[in-house]
$ cat entry-v6.tsv   # TSV, C-alpha atoms
chain	number	residue	atom	x	y	z
A	57	MET	CA	40.38	-3.04	130.35
A	58	ARG	CA	40.06	-4.78	127.03
A	59	ARG	CA	37.36	-3.64	124.64
A	60	ARG	CA	35.52	-6.97	124.74
A	61	VAL	CA	35.33	-6.86	128.54
A	62	ARG	CA	34.22	-3.24	128.52
A	63	TRP	CA	31.43	-4.03	126.04
A	64	THR	CA	30.33	-7.04	128.07
A	65	VAL	CA	30.21	-5.07	131.33
A	66	GLY	CA	28.48	-2.15	129.64
A	67	GLY	CA	25.94	-4.40	127.91
A	68	CYS	CA	25.11	-6.20	131.15
A	69	ALA	CA	24.77	-2.85	132.92
A	70	LEU	CA	22.30	-1.68	130.24
A	71	LEU	CA	20.29	-4.90	130.61
A	72	PHE	CA	20.15	-4.44	134.36
A	73	ALA	CA	19.14	-0.79	133.91
A	74	ALA	CA	16.27	-1.86	131.65
A	75	PHE	CA	15.21	-4.53	134.13
A	76	PHE	CA	15.29	-2.11	137.08
A	77	LEU	CA	13.35	0.47	135.06
A	78	PHE	CA	10.76	-2.17	134.16
A	79	LEU	CA	10.38	-3.07	137.84
A	80	ALA	CA	10.14	0.59	138.85
A	81	LEU	CA	7.39	1.30	136.34
A	82	ARG	CA	5.39	-1.75	137.46
A	83	SER	CA	5.83	-1.11	141.18
A	84	PRO	CA	2.68	-0.22	143.14
A	85	HIS	CA	4.84	1.91	145.45
A	86	LYS	CA	5.94	5.12	143.86
A	87	PRO	CA	8.86	6.67	145.75
A	88	LEU	CA	10.29	7.54	142.34
A	89	ILE	CA	13.65	8.76	143.57
A	90	LEU	CA	14.40	5.41	145.23
A	91	LEU	CA	13.13	3.48	142.21
A	92	ALA	CA	15.23	5.60	139.83
A	93	LEU	CA	18.54	5.07	141.65
A	94	PRO	CA	19.29	1.46	140.54
A	95	PRO	CA	18.75	2.14	136.79
A	96	PHE	CA	20.73	5.39	137.09
A	97	PHE	CA	23.59	3.56	138.78
A	98	CYS	CA	23.58	0.90	136.04
A	99	LEU	CA	23.62	3.62	133.38
A	100	LEU	CA	26.68	5.13	135.09
A	101	ILE	CA	28.42	1.76	134.92
A	102	ALA	CA	27.53	1.51	131.22
A	103	ALA	CA	28.83	5.06	130.62
A	104	ALA	CA	32.07	4.21	132.38
A	105	SER	CA	32.38	1.08	130.22
A	106	PHE	CA	31.50	2.52	126.81
A	107	SER	CA	32.89	6.04	126.88
A	108	ASP	CA	36.47	7.17	127.42
A	109	ILE	CA	35.21	10.73	127.87
A	110	LEU	CA	32.72	9.83	130.62
A	111	HIS	CA	34.86	7.11	132.20
A	112	LYS	CA	36.53	9.22	134.90
A	113	THR	CA	33.40	11.16	135.84
A	114	ALA	CA	31.21	8.06	135.97
A	115	SER	CA	33.87	6.17	137.91
A	116	ARG	CA	34.06	8.99	140.45
A	117	ILE	CA	30.30	8.98	140.97
A	118	ILE	CA	30.31	5.17	141.34
A	119	GLY	CA	33.18	5.36	143.84
A	120	LEU	CA	31.45	8.10	145.81
A	121	ALA	CA	28.23	6.06	145.94
A	122	ALA	CA	30.08	2.93	147.10
A	123	SER	CA	31.93	4.82	149.83
A	124	LEU	CA	28.82	6.67	151.06
A	125	LEU	CA	26.68	3.53	151.13
A	126	SER	CA	29.30	1.54	153.02
A	127	LEU	CA	29.81	4.44	155.45
A	128	ALA	CA	26.04	4.69	155.99
A	129	TYR	CA	25.91	0.94	156.66
A	130	LEU	CA	28.71	1.29	159.22
A	131	VAL	CA	27.01	4.24	160.98
A	132	ILE	CA	23.65	2.44	161.09
A	133	GLU	CA	25.20	-0.71	162.56
A	134	ILE	CA	27.23	1.19	165.16
A	135	ARG	CA	24.18	3.20	166.23
A	136	SER	CA	21.87	0.19	166.45
A	137	GLN	CA	23.76	-2.06	168.91
A	138	PRO	CA	27.35	-0.98	169.45
A	139	TRP	CA	28.06	-3.32	172.38
A	140	SER	CA	26.27	-6.42	171.19
A	141	PRO	CA	28.31	-9.66	171.14
A	142	TYR	CA	29.41	-10.97	167.79
A	143	PRO	CA	26.62	-13.26	166.48
A	144	GLY	CA	28.62	-14.84	163.65
A	145	LEU	CA	28.36	-14.70	159.90
A	146	GLY	CA	25.03	-13.91	158.31
A	147	GLU	CA	23.83	-11.66	161.12
A	148	PRO	CA	24.04	-7.86	161.14
A	149	HIS	CA	26.89	-6.50	163.25
A	150	TRP	CA	29.14	-3.47	163.19
A	151	LEU	CA	32.19	-5.67	162.49
A	152	HIS	CA	30.62	-6.73	159.19
A	153	ALA	CA	29.91	-3.10	158.38
A	154	ALA	CA	33.49	-2.11	159.22
A	155	LEU	CA	34.78	-4.86	156.93
A	156	ALA	CA	32.45	-3.68	154.16
A	157	PHE	CA	33.80	-0.14	154.59
A	158	LEU	CA	37.38	-1.42	154.33
A	159	VAL	CA	36.63	-3.50	151.23
A	160	PHE	CA	34.26	-1.12	149.38
A	161	GLY	CA	34.37	2.27	151.11
A	162	LEU	CA	38.10	3.00	151.12
A	163	PRO	CA	38.67	1.99	147.48
A	164	GLY	CA	35.49	3.93	146.63
A	165	ILE	CA	36.95	7.05	148.21
A	166	TYR	CA	40.14	6.53	146.21
A	167	VAL	CA	38.19	6.19	142.95
A	168	ALA	CA	36.02	9.20	143.82
A	169	VAL	CA	39.12	11.36	144.35
A	170	ARG	CA	41.43	10.03	141.62
A	171	GLY	CA	38.93	8.83	139.00
A	172	GLU	CA	40.74	5.52	138.51
A	173	TYR	CA	40.97	2.14	140.21
A	174	PRO	CA	43.76	1.87	142.78
A	175	ALA	CA	46.98	0.27	141.52
A	176	TRP	CA	47.11	-1.85	144.69
A	177	GLY	CA	43.72	-3.45	143.93
A	178	LYS	CA	43.48	-7.12	143.06
A	179	ALA	CA	42.16	-6.44	139.53
A	180	ALA	CA	44.40	-3.43	138.87
A	181	ARG	CA	46.42	-5.20	136.16
A	182	GLY	CA	43.32	-5.53	133.97
A	183	LEU	CA	42.18	-1.92	134.32
A	184	PRO	CA	43.53	1.09	132.43
A	185	ARG	CA	45.68	3.62	134.26
A	186	GLY	CA	45.65	7.08	132.73
A	187	LYS	CA	45.28	8.24	129.13
A	188	ALA	CA	48.15	6.20	127.73
A	189	ALA	CA	46.65	2.92	128.92
A	190	CYS	CA	43.22	3.77	127.48
A	191	ALA	CA	44.78	4.65	124.12
A	192	GLN	CA	46.83	1.44	124.17
A	193	ASN	CA	43.79	-0.75	124.87
A	194	HIS	CA	41.84	0.84	122.03
A	195	SER	CA	44.69	0.52	119.55
A	196	HIS	CA	44.89	-3.25	120.09
A	197	GLY	CA	41.20	-3.72	119.32
A	198	ALA	CA	41.03	-6.66	121.70
$ encode --input "entry-v6.tsv" --output "structure tokens"
Amino acid sequence: MRRRVRWTVGGCALLFAAFFLFLALRSPHKPLILLALPPFFCLLIAAASFSDILHKTASRIIGLAASLLSLAYLVIEIRSQPWSPYPGLGEPHWLHAALAFLVFGLPGIYVAVRGEYPAWGKAARGLPRGKAACAQNHSHGA
């Protein structure tokens, strides 16, 4: 990923982390662990954007979170009404959860295991693959 894009994504992630932290501190409800998760997740995205050293580790945690959340969504929807007829778009249904798992969960598992975005992904051409690609992107200064 080009340096300019990485800095833009990282900067936006830091802004969102600050916003989520501001909301958490002002919230009358204090389940701190739940309120701390969104800013922590945004900080992971910023770490993956700014740091080559933390990129793989942060990407793995982000991939694991995406796969676990989509799997949890699928399990919840299957357990709630497994035989309900399909209500259409915009309504909760296990088919939507299965699609979410295919779109977010499976690539998330790949990223959690490998530490990099899958080469078969739609945006794979714009993302670095391995150490050589990261070094190449930084040498161009773009």
$ closest_residue --input "entry-v6.tsv" --among "A:Ala175, A:Ala92, A:Leu100, A:Ala153" --to "Ser136 of chain A" --atoms "all atoms listed in the file"
A:Ala153
$ closest_residue --input "entry-v6.tsv" --among "A:Cys98, A:Pro84, A:Thr113, A:Glu133" --to "Glu147 of chain A" --atoms "all atoms listed in the file"
A:Glu133
$ atom_distance --input "entry-v6.tsv" --atom1 "atom CA of Ala128 of chain A" --atom2 "atom CA of Trp150 of chain A"
11.3 Å
$ closest_residue --input "entry-v6.tsv" --among "A:Gly171, A:Pro138, A:Gly66, A:Pro143" --to "Ile117 of chain A" --atoms "only C-alpha atoms"
A:Gly171
$ closest_residue --input "entry-v6.tsv" --among "A:Phe106, A:Phe72, A:Pro148, A:Ser83" --to "Arg60 of chain A" --atoms "all atoms listed in the file"
A:Phe106
$ closest_residue --input "entry-v6.tsv" --among "A:Leu90, A:Ala104, A:Ala74, A:Val131" --to "His149 of chain A" --atoms "all atoms listed in the file"
A:Val131
$ atom_distance --input "entry-v6.tsv" --atom1 "atom CA of Val61 of chain A" --atom2 "atom CA of Ile101 of chain A"
12.8 Å
$ build_atoms --input "entry-v6.tsv" --residues "segment 88-109 of chain A" --atoms "N, CA and C atoms" --output "CSV table (one decimal), in the frame of the given file"
chain,number,residue,atom,x,y,z
A,88,LEU,N,9.6,7.6,143.6
A,88,LEU,CA,10.3,7.5,142.3
A,88,LEU,C,11.8,7.7,142.5
A,89,ILE,N,12.2,8.5,143.4
A,89,ILE,CA,13.6,8.8,143.6
A,89,ILE,C,14.4,7.5,143.9
A,90,LEU,N,13.8,6.7,144.8
A,90,LEU,CA,14.4,5.4,145.2
A,90,LEU,C,14.3,4.4,144.1
A,91,LEU,N,13.3,4.4,143.3
A,91,LEU,CA,13.1,3.5,142.2
A,91,LEU,C,14.0,3.9,141.0
A,92,ALA,N,14.4,5.1,140.9
A,92,ALA,CA,15.2,5.6,139.8
A,92,ALA,C,16.7,5.4,140.1
A,93,LEU,N,17.1,5.2,141.3
A,93,LEU,CA,18.5,5.1,141.6
A,93,LEU,C,19.2,3.8,141.0
A,94,PRO,N,18.6,2.6,141.1
A,94,PRO,CA,19.3,1.5,140.5
A,94,PRO,C,19.5,1.6,139.0
A,95,PRO,N,18.5,2.0,138.2
A,95,PRO,CA,18.8,2.1,136.8
A,95,PRO,C,19.8,3.2,136.5
A,96,PHE,N,19.7,4.3,137.3
A,96,PHE,CA,20.7,5.4,137.1
A,96,PHE,C,22.1,4.9,137.4
A,97,PHE,N,22.3,4.1,138.4
A,97,PHE,CA,23.6,3.6,138.8
A,97,PHE,C,24.1,2.6,137.7
A,98,CYS,N,23.2,1.8,137.1
A,98,CYS,CA,23.6,0.9,136.0
A,98,CYS,C,24.0,1.7,134.8
A,99,LEU,N,23.3,2.8,134.5
A,99,LEU,CA,23.6,3.6,133.4
A,99,LEU,C,25.0,4.3,133.6
A,100,LEU,N,25.3,4.6,134.8
A,100,LEU,CA,26.7,5.1,135.1
A,100,LEU,C,27.7,4.1,134.8
A,101,ILE,N,27.5,2.8,135.2
A,101,ILE,CA,28.4,1.8,134.9
A,101,ILE,C,28.6,1.6,133.4
A,102,ALA,N,27.5,1.6,132.7
A,102,ALA,CA,27.5,1.5,131.2
A,102,ALA,C,28.3,2.7,130.6
A,103,ALA,N,28.1,3.9,131.1
A,103,ALA,CA,28.8,5.1,130.6
A,103,ALA,C,30.3,4.9,130.9
A,104,ALA,N,30.7,4.4,132.1
A,104,ALA,CA,32.1,4.2,132.4
A,104,ALA,C,32.7,3.1,131.5
A,105,SER,N,31.9,2.2,131.1
A,105,SER,CA,32.4,1.1,130.2
A,105,SER,C,32.5,1.5,128.8
A,106,PHE,N,31.5,2.2,128.2
A,106,PHE,CA,31.5,2.5,126.8
A,106,PHE,C,32.3,3.8,126.4
A,107,SER,N,32.4,4.7,127.3
A,107,SER,CA,32.9,6.0,126.9
A,107,SER,C,34.2,6.4,127.6
A,108,ASP,N,35.2,6.7,126.8
A,108,ASP,CA,36.5,7.2,127.4
A,108,ASP,C,36.3,8.6,128.0
A,109,ILE,N,35.4,9.4,127.4
A,109,ILE,CA,35.2,10.7,127.9
A,109,ILE,C,34.5,10.7,129.2
